[in-house]
Amino acid sequence: MAHETEHTSNHPTFNQYVFIAIVLFAITIVEFGLIWDRIGIADDLGVTKIPILIGLSAIKFAIVIMYYMHLKFDDRFFGTVFIAGLVLAFVVGGALITLFIGFEAKPREYALAHAVPYEGHEAAEEHAAEVVEPGTGAETTVASGPVELAVGVVGETLAFDTANITAKSGSEVTITFKNSSANNQHNLVIVQDGTKDEVATDGTTAGPDNDWVAPGDARVVANTPLLASGASGEVIFTAPAPGTYQFVCTFPGHNFTMFGDFIVN
Amino acid sequence: MAHAVEHEYTTTGLNHRKMLMWVFLGSDCLFFGSLIATYMVYRGQSLVGPYPIDIIDVPLTTVSTFVLLMSSFAMVQALSATQADNKKGLVTWLLITAGLGAIFIGFQIYEFNSFKNEGLTLGGNLFGATFFTLTGFHGAHVTLGIIWLLAMAYIGGKGRLGPNTVLDVELLGLYWHFVDIVWIVIFTLLYLIGGFDAGPVPIPSP
């Protein structure tokens, strides 16, 4: 075909390819400079660097398809076919993102508040009720769907990775606590508001055999067993009356920094 | 095969094989677009660590990004050498391209391994699931490209590539450059922008 031989001669020369490679390299260096905090631009720019980064990568994208993939020199129809796919990808991606973060930007809370328990889960719930901590009001009717919460540890610092967790009163709450610390043992104890230090003090007396929790302590709503480093444990209980409670690690000394609020609404 | 292509009858006047490659690349945009959108939807939604800021190594990945960009340069040189009927040059450039691709994959294997050691797994949290699925499929594309490059280098080594079979090399080049531009997007979104995400954060508005 005549036009094929024609456009072949229009392909960039070696020097032009080198130039393009240098431009791509330079843009990558600029991108890196924008985000590398040791250079100091990253903090000055704040979030404005995000559109800049997207713009720069769009330029790289365009350079590669125009020159390396010859769209600039080739028949426009190839470009049309490719761009059609690209546009479709943007539409699908945009739709997906809008769908998921359109609910006042709170998909998780929205899902929790609107979740309807699936009838088939009843058997699982009954099974869960059997392992409810004693004395936590397992007989209370389940007001809403089960709530599953996950809490972890911030490395070797004596702190939980979340400052507060929330559940609806009367709901079946499962807290999965993962002790990701390499050295420390931890537990997670839900207690009445303001009693975390007293519970921990009494727990110290009770000793490790009682998971550092005094048996029969009325201020304790529920607790996980004492977890060795790397271990996970869960506690299943019915969320008590609305109000603020605390969760704390009662391993001796940890209660001063390792606690958070458990809010029941 | 390829030399007959020039005379093949097509309704559009455009080569069928080349059209097929562009249609495939257009559809692959959708494939990666969906995976990238999924990553963005779940960005900052992991309830447990490790979070990106704990483990993403931006300087290291900037180096591997550079390696992949340079492999695209080597790829266009391979195509130029094929057009110029430089049989030795085309094999050399194809092997350089494959080598740079292999270095990129080496970086990825190292990265995946160190992430795994720090506790990031496919099933551990949302970040791990979306990160490994996206970058893993990209790595699979690169690996396929390396195999294709080595196969072409082998054919070239037998002296069977030249101006008559330029299209064979060009199609490989299109695929390879596409893999490169997908990485440009992934690098920007997952590393430069998303690499500093911590635990649950307010979701950025679209």
# chains A, B, ... in the order shown; residues from 1 in each chain; ligands from 1
>>> interface_residues(of="chain B", to="chain A", cutoff="7 Å", atoms="only C-alpha atoms", output="list in words")
Glu6, Met19, Trp22, Val23, Leu25, Gly26, Ser27, Cys29, Leu30, Gly33, Ser34, Ala37, Val41, Leu47, Val48, Phe66, Met70, Phe73, Val76, Leu174, His177, Ile181, Ile184, Val185, Thr188, Leu192, Ile193 and Ile203 of chain B
>>> residues_around(residues="Pro59 (chain B)", least_positions_apart="2", cutoff="10 Å", atoms="only C-alpha atoms", output="PyMOL selection string")
(chain A and resi 32+36) or (chain B and resi 56-57+61-65+191-192)
>>> write_last_selection(atoms="C-alpha atoms", output="compact mmCIF listing (two decimals), in the first residue's frame")
# COMPACT_ATOMS: atom_id res chain seq x y z
CA PHE A 32 9.66 11.68 41.69
CA TRP A 36 9.99 12.84 47.52
CA ILE B 56 5.63 1.04 49.35
CA ASP B 57 9.18 1.89 48.31
CA THR B 61 9.95 1.51 41.94
CA THR B 62 11.06 4.73 40.25
CA VAL B 63 14.18 2.82 39.18
CA SER B 64 12.17 -0.12 37.84
CA THR B 65 9.83 2.33 36.06
CA TYR B 191 3.02 4.69 43.97
CA LEU B 192 3.33 8.44 43.47
>>> closest_residue(among="B:Leu172, B:Leu68, B:Gly157, B:Phe115", to="Ile53 (chain B)", atoms="only C-alpha atoms")
B:Phe115
>>> closest_residue(among="B:Leu167, B:Val58, B:Ala153, B:Leu144", to="Ile96 (chain B)", atoms="only C-alpha atoms")
B:Ala153
>>> closest_residue(among="A:Lys168, A:Asn184, A:Asp197, A:Asn179", to="Gly49 (chain B)", atoms="only C-alpha atoms")
A:Asn179
>>> atom_distance(atom1="CA of Thr195 (chain A)", atom2="CA of Glu148 (chain A)")
24.3 Å
>>> residues_around(residues="region 247-259 of chain A", least_positions_apart="3", cutoff="9 Å", atoms="only C-alpha atoms", output="PyMOL selection string")
chain A and resi 153+157-160+162-165+185-193+196-197+199-201+203-204+208+211-213+223+226+262
